[in-house]
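**Student:** Pasting target21.cif below, which is mmCIF, C-alpha atoms and all ligand atoms.
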data_entry
#
loop_
_atom_site.label_atom_id
_atom_site.label_comp_id
_atom_site.auth_asym_id
_atom_site.auth_seq_id
_atom_site.Cartn_x
_atom_site.Cartn_y
_atom_site.Cartn_z
CA MET A 1 -6.27 23.46 34.53
CA ALA A 2 -3.04 22.09 33.10
CA HIS A 3 -0.28 24.57 32.26
CA ALA A 4 0.08 25.39 28.61
CA ILE A 5 3.81 24.94 28.29
CA GLU A 6 5.09 26.84 25.33
CA THR A 7 8.83 27.20 25.40
CA GLU A 8 11.77 25.04 26.36
CA ARG A 9 12.63 27.49 29.11
CA GLU A 10 9.18 27.22 30.62
CA GLN A 11 9.31 23.48 30.31
CA ALA A 12 12.54 23.46 32.30
CA ASP A 13 11.05 25.81 34.92
CA TYR A 14 7.94 23.75 35.47
CA ALA A 15 10.02 20.57 35.73
CA ALA A 16 11.91 22.20 38.63
CA ALA A 17 10.66 21.94 42.19
CA PRO A 18 8.43 24.89 43.18
CA VAL A 19 10.09 27.63 45.23
CA ILE A 20 6.77 28.09 46.99
CA SER A 21 4.22 25.38 47.49
CA VAL A 22 0.92 26.18 49.19
CA ARG A 23 -1.22 23.17 50.04
CA ASP A 24 -4.82 23.21 51.31
CA VAL A 25 -4.27 26.47 53.19
CA THR A 26 -7.19 27.93 55.12
CA VAL A 27 -7.07 31.44 56.61
CA SER A 28 -9.86 32.86 58.76
CA PHE A 29 -10.34 36.11 60.63
CA GLY A 30 -12.86 35.40 63.40
CA SER A 31 -15.85 33.81 61.68
CA GLN A 32 -14.78 35.02 58.20
CA THR A 33 -12.94 32.38 56.17
CA VAL A 34 -10.97 34.22 53.48
CA LEU A 35 -9.01 31.30 51.99
CA ASP A 36 -10.40 27.76 52.09
CA LYS A 37 -8.05 24.87 51.30
CA LEU A 38 -6.20 26.90 48.71
CA SER A 39 -3.30 25.29 46.80
CA LEU A 40 -0.78 27.04 44.56
CA ASP A 41 2.79 26.45 43.37
CA VAL A 42 5.28 29.11 42.29
CA TYR A 43 8.15 27.96 40.08
CA PRO A 44 11.71 29.27 39.96
CA GLY A 45 12.29 32.16 37.58
CA GLU A 46 8.65 32.66 36.66
CA ILE A 47 6.62 35.85 36.88
CA LEU A 48 3.30 34.74 38.31
CA GLY A 49 0.38 37.16 38.08
CA PHE A 50 -2.09 36.63 40.92
CA ILE A 51 -5.50 38.12 40.21
CA GLY A 52 -9.03 37.99 41.50
CA PRO A 53 -11.91 40.24 42.56
CA SER A 54 -11.32 42.98 45.12
CA GLY A 55 -11.44 41.58 48.62
CA ALA A 56 -10.99 37.99 47.42
CA GLY A 57 -7.90 37.51 49.59
CA LYS A 58 -4.90 38.08 47.29
CA SER A 59 -3.02 40.19 49.82
CA VAL A 60 -4.02 37.77 52.56
CA LEU A 61 -2.37 34.88 50.70
CA MET A 62 0.75 36.96 50.08
CA ARG A 63 0.93 37.94 53.74
CA THR A 64 0.31 34.35 54.84
CA ILE A 65 3.18 33.07 52.69
CA LEU A 66 5.36 35.81 54.21
CA GLY A 67 4.36 34.72 57.71
CA LEU A 68 2.52 37.99 58.46
CA ASN A 69 -0.87 36.26 58.81
CA GLN A 70 -1.57 33.01 60.62
CA LYS A 71 -3.14 30.15 58.70
CA THR A 72 -5.73 27.92 60.35
CA SER A 73 -4.64 24.78 58.51
CA GLY A 74 -2.67 23.55 55.52
CA GLU A 75 1.01 23.54 54.61
CA ILE A 76 3.32 26.13 53.10
CA ARG A 77 6.77 25.15 51.81
CA ILE A 78 9.25 27.83 50.83
CA PHE A 79 12.50 26.78 49.17
CA GLY A 80 11.55 23.25 50.22
CA TYR A 81 11.16 24.14 53.94
CA ASP A 82 7.87 23.56 55.72
CA ILE A 83 7.49 26.95 57.39
CA ASP A 84 5.82 25.41 60.45
CA LYS A 85 8.85 23.23 61.11
CA VAL A 86 11.81 25.54 60.57
CA THR A 87 14.22 26.67 63.25
CA ASP A 88 14.56 30.39 64.00
CA ILE A 89 17.78 30.52 61.98
CA GLU A 90 16.21 28.77 58.99
CA LYS A 91 13.24 31.15 59.24
CA MET A 92 15.61 34.12 59.14
CA GLU A 93 17.47 32.67 56.14
CA ILE A 94 14.17 32.15 54.31
CA ASP A 95 13.02 35.71 55.15
CA MET A 96 16.29 37.09 53.78
CA ARG A 97 15.67 35.38 50.45
CA MET A 98 12.26 37.05 50.01
CA GLY A 99 11.78 40.72 49.15
CA VAL A 100 8.44 42.52 49.38
CA LEU A 101 7.00 45.57 47.71
CA PHE A 102 3.81 46.40 49.58
CA GLN A 103 0.92 48.22 47.97
CA HIS A 104 1.57 52.01 47.98
CA GLY A 105 5.30 51.41 48.47
CA ALA A 106 5.18 51.59 52.27
CA LEU A 107 8.45 53.50 52.57
CA PHE A 108 9.33 55.01 55.94
CA SER A 109 8.39 58.66 55.52
CA ALA A 110 11.06 59.99 57.91
CA LEU A 111 13.89 58.14 56.13
CA ASN A 112 15.42 59.15 52.82
CA VAL A 113 15.66 56.69 49.92
CA LEU A 114 19.16 55.51 50.84
CA GLU A 115 18.13 54.90 54.47
CA ASN A 116 14.94 53.12 53.37
CA ILE A 117 16.94 50.71 51.20
CA GLN A 118 19.27 50.08 54.12
CA VAL A 119 16.47 49.04 56.51
CA PRO A 120 16.65 45.29 55.62
CA MET A 121 20.47 45.47 55.66
CA ARG A 122 20.40 46.87 59.20
CA GLU A 123 17.86 44.25 60.26
CA TYR A 124 19.68 41.20 58.92
CA LEU A 125 23.32 42.05 58.25
CA ASP A 126 26.22 43.55 60.16
CA LEU A 127 27.81 45.86 57.60
CA SER A 128 29.78 49.07 57.90
CA PRO A 129 27.86 52.27 57.08
CA ARG A 130 30.16 52.83 54.11
CA LEU A 131 29.47 49.38 52.61
CA MET A 132 25.73 49.83 53.18
CA ASP A 133 25.89 53.16 51.34
CA GLU A 134 27.68 51.53 48.42
CA LEU A 135 25.23 48.62 48.25
CA ALA A 136 22.21 50.91 48.51
CA ARG A 137 23.56 53.08 45.69
CA LEU A 138 23.95 49.97 43.51
CA LYS A 139 20.29 49.18 44.13
CA ILE A 140 19.36 52.75 43.19
CA ASP A 141 21.09 52.17 39.84
CA LEU A 142 19.53 48.75 39.46
CA VAL A 143 15.98 50.10 39.63
CA GLY A 144 16.73 53.01 37.30
CA LEU A 145 16.54 55.86 39.84
CA PRO A 146 18.95 58.79 39.52
CA GLN A 147 21.65 58.85 42.20
CA ASN A 148 20.38 62.22 43.48
CA ALA A 149 17.23 60.40 44.65
CA ALA A 150 19.33 58.86 47.44
CA GLU A 151 18.96 61.84 49.79
CA LYS A 152 15.32 62.53 48.98
CA LEU A 153 12.45 61.80 51.36
CA PRO A 154 9.50 59.77 50.03
CA SER A 155 7.36 62.95 50.08
CA GLU A 156 9.76 64.46 47.52
CA LEU A 157 9.35 61.59 45.02
CA SER A 158 6.86 60.98 42.22
CA GLY A 159 4.60 57.89 42.39
CA GLY A 160 6.82 56.03 39.92
CA MET A 161 9.96 56.91 41.88
CA ILE A 162 8.35 55.69 45.11
CA LYS A 163 7.62 52.33 43.47
CA ARG A 164 11.21 52.09 42.26
CA ALA A 165 12.60 53.05 45.67
CA ALA A 166 10.36 50.44 47.30
CA LEU A 167 11.56 47.88 44.77
CA ALA A 168 15.17 48.81 45.55
CA ARG A 169 14.43 48.14 49.21
CA ALA A 170 12.78 44.81 48.31
CA LEU A 171 15.97 43.89 46.44
CA ALA A 172 18.30 45.10 49.21
CA LEU A 173 19.36 41.59 50.26
CA ASP A 174 19.51 40.13 46.71
CA PRO A 175 16.45 37.92 47.27
CA ASP A 176 15.52 34.89 45.15
CA ILE A 177 11.86 35.86 45.09
CA VAL A 178 10.05 39.18 45.23
CA PHE A 179 6.42 39.72 46.13
CA LEU A 180 4.84 42.71 44.48
CA ASP A 181 1.42 43.90 45.65
CA GLU A 182 -0.17 45.87 42.83
CA PRO A 183 3.14 47.41 41.73
CA THR A 184 1.71 49.46 38.86
CA SER A 185 -1.38 50.82 40.64
CA GLY A 186 -1.44 54.60 40.59
CA LEU A 187 1.12 54.85 37.78
CA ASP A 188 0.30 56.39 34.40
CA PRO A 189 0.35 53.90 31.49
CA ILE A 190 3.88 54.87 30.42
CA GLY A 191 5.23 54.64 33.97
CA ALA A 192 3.45 51.32 34.42
CA ALA A 193 4.92 49.91 31.19
CA GLU A 194 8.40 51.05 32.26
CA PHE A 195 7.94 49.37 35.63
CA ASP A 196 6.80 46.15 33.92
CA ASP A 197 9.91 46.25 31.73
CA LEU A 198 12.07 46.73 34.82
CA ILE A 199 10.52 43.66 36.47
CA ALA A 200 11.02 41.59 33.31
CA ASN A 201 14.65 42.74 33.04
CA LEU A 202 15.37 41.88 36.66
CA ARG A 203 13.89 38.45 36.19
CA ASN A 204 15.91 37.93 33.01
CA THR A 205 19.20 39.19 34.42
CA MET A 206 18.98 38.03 38.06
CA GLY A 207 16.80 34.94 37.66
CA LEU A 208 14.33 36.40 40.16
CA THR A 209 11.05 34.64 40.82
CA VAL A 210 8.22 37.16 40.92
CA PHE A 211 4.85 36.80 42.68
CA MET A 212 2.81 39.74 41.48
CA VAL A 213 -0.65 40.64 42.78
CA THR A 214 -2.12 42.85 40.11
CA HIS A 215 -5.26 44.25 38.51
CA ASP A 216 -3.26 45.54 35.54
CA LEU A 217 -4.23 43.74 32.32
CA ASP A 218 -1.22 45.19 30.52
CA SER A 219 1.15 43.68 33.10
CA LEU A 220 -0.58 40.33 32.78
CA PHE A 221 -0.27 40.35 29.02
CA SER A 222 3.21 41.76 28.79
CA VAL A 223 5.31 40.25 31.60
CA CYS A 224 3.49 37.43 33.36
CA ASP A 225 4.44 33.87 32.37
CA ARG A 226 1.51 32.40 34.21
CA ILE A 227 -1.63 33.68 35.84
CA ALA A 228 -3.47 32.28 38.83
CA VAL A 229 -7.02 33.41 39.52
CA LEU A 230 -8.34 33.60 43.08
CA GLY A 231 -12.08 33.11 43.50
CA LYS A 232 -14.41 31.27 45.83
CA LYS A 233 -11.55 31.27 48.37
CA ARG A 234 -9.33 29.08 46.17
CA VAL A 235 -7.28 29.22 43.00
CA LEU A 236 -9.98 28.75 40.39
CA VAL A 237 -7.68 28.37 37.38
CA ASP A 238 -4.05 28.90 36.49
CA GLY A 239 -2.30 28.97 33.16
CA SER A 240 -1.06 31.23 30.40
CA ILE A 241 -2.89 34.24 29.00
CA GLU A 242 -3.95 32.04 26.11
CA ASP A 243 -5.47 29.60 28.61
CA MET A 244 -7.30 32.45 30.38
CA LEU A 245 -8.93 33.50 27.13
CA LYS A 246 -10.52 30.05 26.83
CA VAL A 247 -11.83 29.83 30.40
CA ASP A 248 -15.60 29.87 30.81
CA GLU A 249 -15.74 30.84 34.50
CA PRO A 250 -17.86 34.04 34.54
CA TRP A 251 -15.42 36.34 36.40
CA VAL A 252 -12.42 35.17 34.37
CA LYS A 253 -14.41 35.56 31.18
CA ALA A 254 -15.54 39.07 32.08
CA TYR A 255 -12.01 40.03 33.13
CA PHE A 256 -10.18 38.83 30.02
CA ARG A 257 -12.90 39.17 27.44
CA GLY A 258 -14.85 42.13 28.81
CA LYS A 259 -14.89 45.66 27.42
CA ARG A 260 -11.50 46.71 28.79
CA ALA A 261 -9.78 43.67 27.32
CA ARG A 262 -11.35 43.91 23.89
CA GLN A 263 -8.30 45.33 22.16
CA ILE A 264 -5.86 42.74 23.31
CA ASP A 265 -4.63 40.27 20.76
CA PRO A 266 -3.97 36.82 22.26
CA ALA A 267 -1.28 36.11 19.67
CA ALA A 268 0.66 39.23 20.66
CA LYS A 269 2.50 37.68 23.59
CA LYS A 270 4.08 35.06 21.37
CA ARG A 271 5.18 37.80 18.97
CA ARG A 272 6.56 39.82 21.86
CA ARG A 273 8.52 36.84 23.13
CA ALA A 274 9.91 36.26 19.66
CA GLU A 275 10.85 39.90 19.23
CA GLY A 276 11.91 40.65 22.78
CA GLY A 277 9.86 43.83 23.15
CA ARG A 278 6.47 44.88 24.43
CA ASP A 279 5.41 47.18 21.63
CA MET A 280 3.45 44.53 19.77
CA GLU A 281 1.01 43.68 22.53
CA ALA A 282 -2.07 45.67 21.79
CA THR A 283 -3.71 45.84 18.44
CA GLY A 284 -5.49 49.12 18.02
N1 LIG A 301 -5.89 41.40 59.44
C1 LIG A 301 -7.15 41.22 59.01
N2 LIG A 301 -8.15 41.10 59.91
C2 LIG A 301 -9.43 40.90 59.51
N3 LIG A 301 -9.81 40.79 58.22
C3 LIG A 301 -8.87 40.90 57.28
C4 LIG A 301 -7.48 41.12 57.64
N4 LIG A 301 -6.76 41.17 56.48
C5 LIG A 301 -7.65 41.01 55.48
N5 LIG A 301 -8.89 40.84 55.95
C6 LIG A 301 -10.10 40.61 55.14
O1 LIG A 301 -9.80 39.60 54.17
C7 LIG A 301 -10.49 39.86 52.95
C8 LIG A 301 -9.51 39.82 51.80
O2 LIG A 301 -8.66 40.97 51.85
P1 LIG A 301 -7.45 41.19 50.86
O3 LIG A 301 -6.84 42.51 51.23
O4 LIG A 301 -6.57 40.01 50.84
O5 LIG A 301 -8.19 41.31 49.45
P2 LIG A 301 -7.55 41.53 48.03
O6 LIG A 301 -7.97 40.38 47.17
O7 LIG A 301 -6.08 41.76 48.15
O8 LIG A 301 -8.31 42.83 47.57
P3 LIG A 301 -7.87 44.12 46.69
O9 LIG A 301 -7.77 43.64 45.29
O10 LIG A 301 -9.02 45.06 46.88
O11 LIG A 301 -6.57 44.65 47.26
C9 LIG A 301 -11.21 41.19 53.12
O12 LIG A 301 -12.55 40.93 53.45
C10 LIG A 301 -10.49 41.82 54.30
O13 LIG A 301 -11.33 42.67 55.02
#
Could the structure of this file be written out as structure tokens, please?
Ligand SMILES: Nc1ncnc2c1ncn2[C@@H]1O[C@H](COP(=O)(O)OP(=O)(O)OP(=O)(O)O)[C@@H](O)[C@H]1O
**Tutor:**
Amino acid sequence: MAHAIETEREQADYAAAPVISVRDVTVSFGSQTVLDKLSLDVYPGEILGFIGPSGAGKSVLMRTILGLNQKTSGEIRIFGYDIDKVTDIEKMEIDMRMGVLFQHGALFSALNVLENIQVPMREYLDLSPRLMDELARLKIDLVGLPQNAAEKLPSELSGGMIKRAALARALALDPDIVFLDEPTSGLDPIGAAEFDDLIANLRNTMGLTVFMVTHDLDSLFSVCDRIAVLGKKRVLVDGSIEDMLKVDEPWVKAYFRGKRARQIDPAAKKRRRAEGGRDMEATG
């Protein structure tokens, strides 16, 4: 499906070279083929929502792009580099430009928030402890956590605080792109909306590119510029929310026009963009 390009900004983004380009990628585990010749582009500065049925392979694609799963065939380019042809130093530079928030946060339980945020700094940079403390505290501010969260262990944080701490860690090296695996799962609707706003603000202020695996319809409607649907081991369709509402593929139809989506007004996103808030999304 062609992109429905709505704004000048989007037009400029889609004219730019993709930051991630996945071409004909196949991933198998033993005899199980999870992704079969899948292709997908991610453009600079966009928030891409990646959806699909449970077990379809969303996390597998994310992990494959990150180099955590092997692909059987196909090509992945990140920032223009073919990841099969990069040197070790180029690979490290690419890794440093990508932050990841894994499902459930995946913080180290024995480390406090400050130490968790410093993990990527220790892995990739050679900084003094004092500078690392300062940088980590800036990230704590950036994600809207109180400074007294710095010394807390993950077990002492609420679900929403864990997500924010994990996001702070994903942002530790000032990446160009962040991968978020179901970032709002387990949050109450208010916490989820606040987290969505945080993601949108970070994109707007830092020019981040966001690859978000999600099941959250509110996130898709409120912050995602584009949605890609995984099904039958490939990207079935991609486009705007408005495009999704016109798609006849049964799963996409059930997802966007089923019972849970019935209150969502397709015109609301345009109003939200015009007004710069997310309060207008759902009609009651
Ligand atoms: N390391 C692995 N070894 C073997 N099979 C795997 C591995 N990782 C994932 N799979 C299989 O790949 C399939 C896709 O899993 P994946 O976690 O990507 O689904 P998903 O679309 O993210 O699902 P959900 O929405 O439920 O999180 C599943 O059948 C899973 O069992």
**Student:** Counting all atoms listed in the file, what is within 8 Å of stretch 228-231 of chain A, bar same-chain residues fewer than 5 positions away, as a PDB file with C-alpha atoms, in the coordinates of the input?
**Tutor:**
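File written: around_10.pdb
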ATOM      1  CA  LEU A  48       3.300  34.740  38.310  1.00  0.00           C
ATOM      2  CA  GLY A  49       0.380  37.160  38.080  1.00  0.00           C
ATOM      3  CA  PHE A  50      -2.090  36.630  40.920  1.00  0.00           C
ATOM      4  CA  ILE A  51      -5.500  38.120  40.210  1.00  0.00           C
ATOM      5  CA  GLY A  52      -9.030  37.990  41.500  1.00  0.00           C
ATOM      6  CA  PRO A  53     -11.910  40.240  42.560  1.00  0.00           C
ATOM      7  CA  ALA A  56     -10.990  37.990  47.420  1.00  0.00           C
ATOM      8  CA  GLY A  57      -7.900  37.510  49.590  1.00  0.00           C
ATOM      9  CA  LYS A  58      -4.900  38.080  47.290  1.00  0.00           C
ATOM     10  CA  LEU A 236      -9.980  28.750  40.390  1.00  0.00           C
ATOM     11  CA  VAL A 237      -7.680  28.370  37.380  1.00  0.00           C
ATOM     12  CA  ASP A 238      -4.050  28.900  36.490  1.00  0.00           C
ATOM     13  CA  GLY A 239      -2.300  28.970  33.160  1.00  0.00           C
ATOM     14  CA  VAL A 252     -12.420  35.170  34.370  1.00  0.00           C
TER      15      VAL A 252
END
**Student:** Which residues are near ligand LIG 301 (chain A) - at most 10 Å, using all atoms listed in the file? Format: as a PyMOL selection string.
**Tutor:** chain A and resi 27-35+50-64+68-70+103+181-182+213-215+230-231+233
**Student:** Neighbours of A:Asn204 within 10 Å (all atoms listed in the file; same-chain residues fewer than 6 positions away dropped), as a PyMOL selection string?
**Tutor:** chain A and resi 45-46+198
**Student:** Neighbours of stretch 146-149 of chain A within 9 Å (all atoms listed in the file; same-chain residues fewer than 3 positions away dropped), as a count of residues only?
**Tutor:** 12
**Student:** Would you mind telling me which residue in A:Cys224, A:Leu217, A:Leu125, A:Met98 lies nearest to A:Tyr255 when using all atoms listed in the file?
**Tutor:** A:Leu217
**Student:** So that I can see what lies close to A:Gly80, please list as a list in words the residues with an atom at most 8 Å from it, counting all atoms listed in the file and leaving out residues fewer than 2 positions away in the same chain.
**Tutor:**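 The residues that qualify are Pro18, Val19, Ile20, Arg77, Ile78 and Asp82 of chain A.
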**Student:** Just write the chosen residues, C-alpha atoms, as a PDB file, keeping the file's coordinate frame.
**Tutor:**
ATOM      1  CA  PRO A  18       8.430  24.890  43.180  1.00  0.00           C
ATOM      2  CA  VAL A  19      10.090  27.630  45.230  1.00  0.00           C
ATOM      3  CA  ILE A  20       6.770  28.090  46.990  1.00  0.00           C
ATOM      4  CA  ARG A  77       6.770  25.150  51.810  1.00  0.00           C
ATOM      5  CA  ILE A  78       9.250  27.830  50.830  1.00  0.00           C
ATOM      6  CA  ASP A  82       7.870  23.560  55.720  1.00  0.00           C
TER       7      ASP A  82
END
**Student:** Given the choices A:Ile47, A:Ala16, A:Leu145, A:Leu66, which gets closest to A:Ala200 if the distance is worked out from only C-alpha atoms?
**Tutor:**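 Counting only C-alpha atoms, the residue closest to A:Ala200 is A:Ile47.
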**Student:** To one decimal in Å, tell me the separation between atom CA of A:Ser158 and atom CA of A:Val143.
**Tutor:**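 Going from atom CA of A:Ser158 over to atom CA of A:Val143 covers 14.4 Å.
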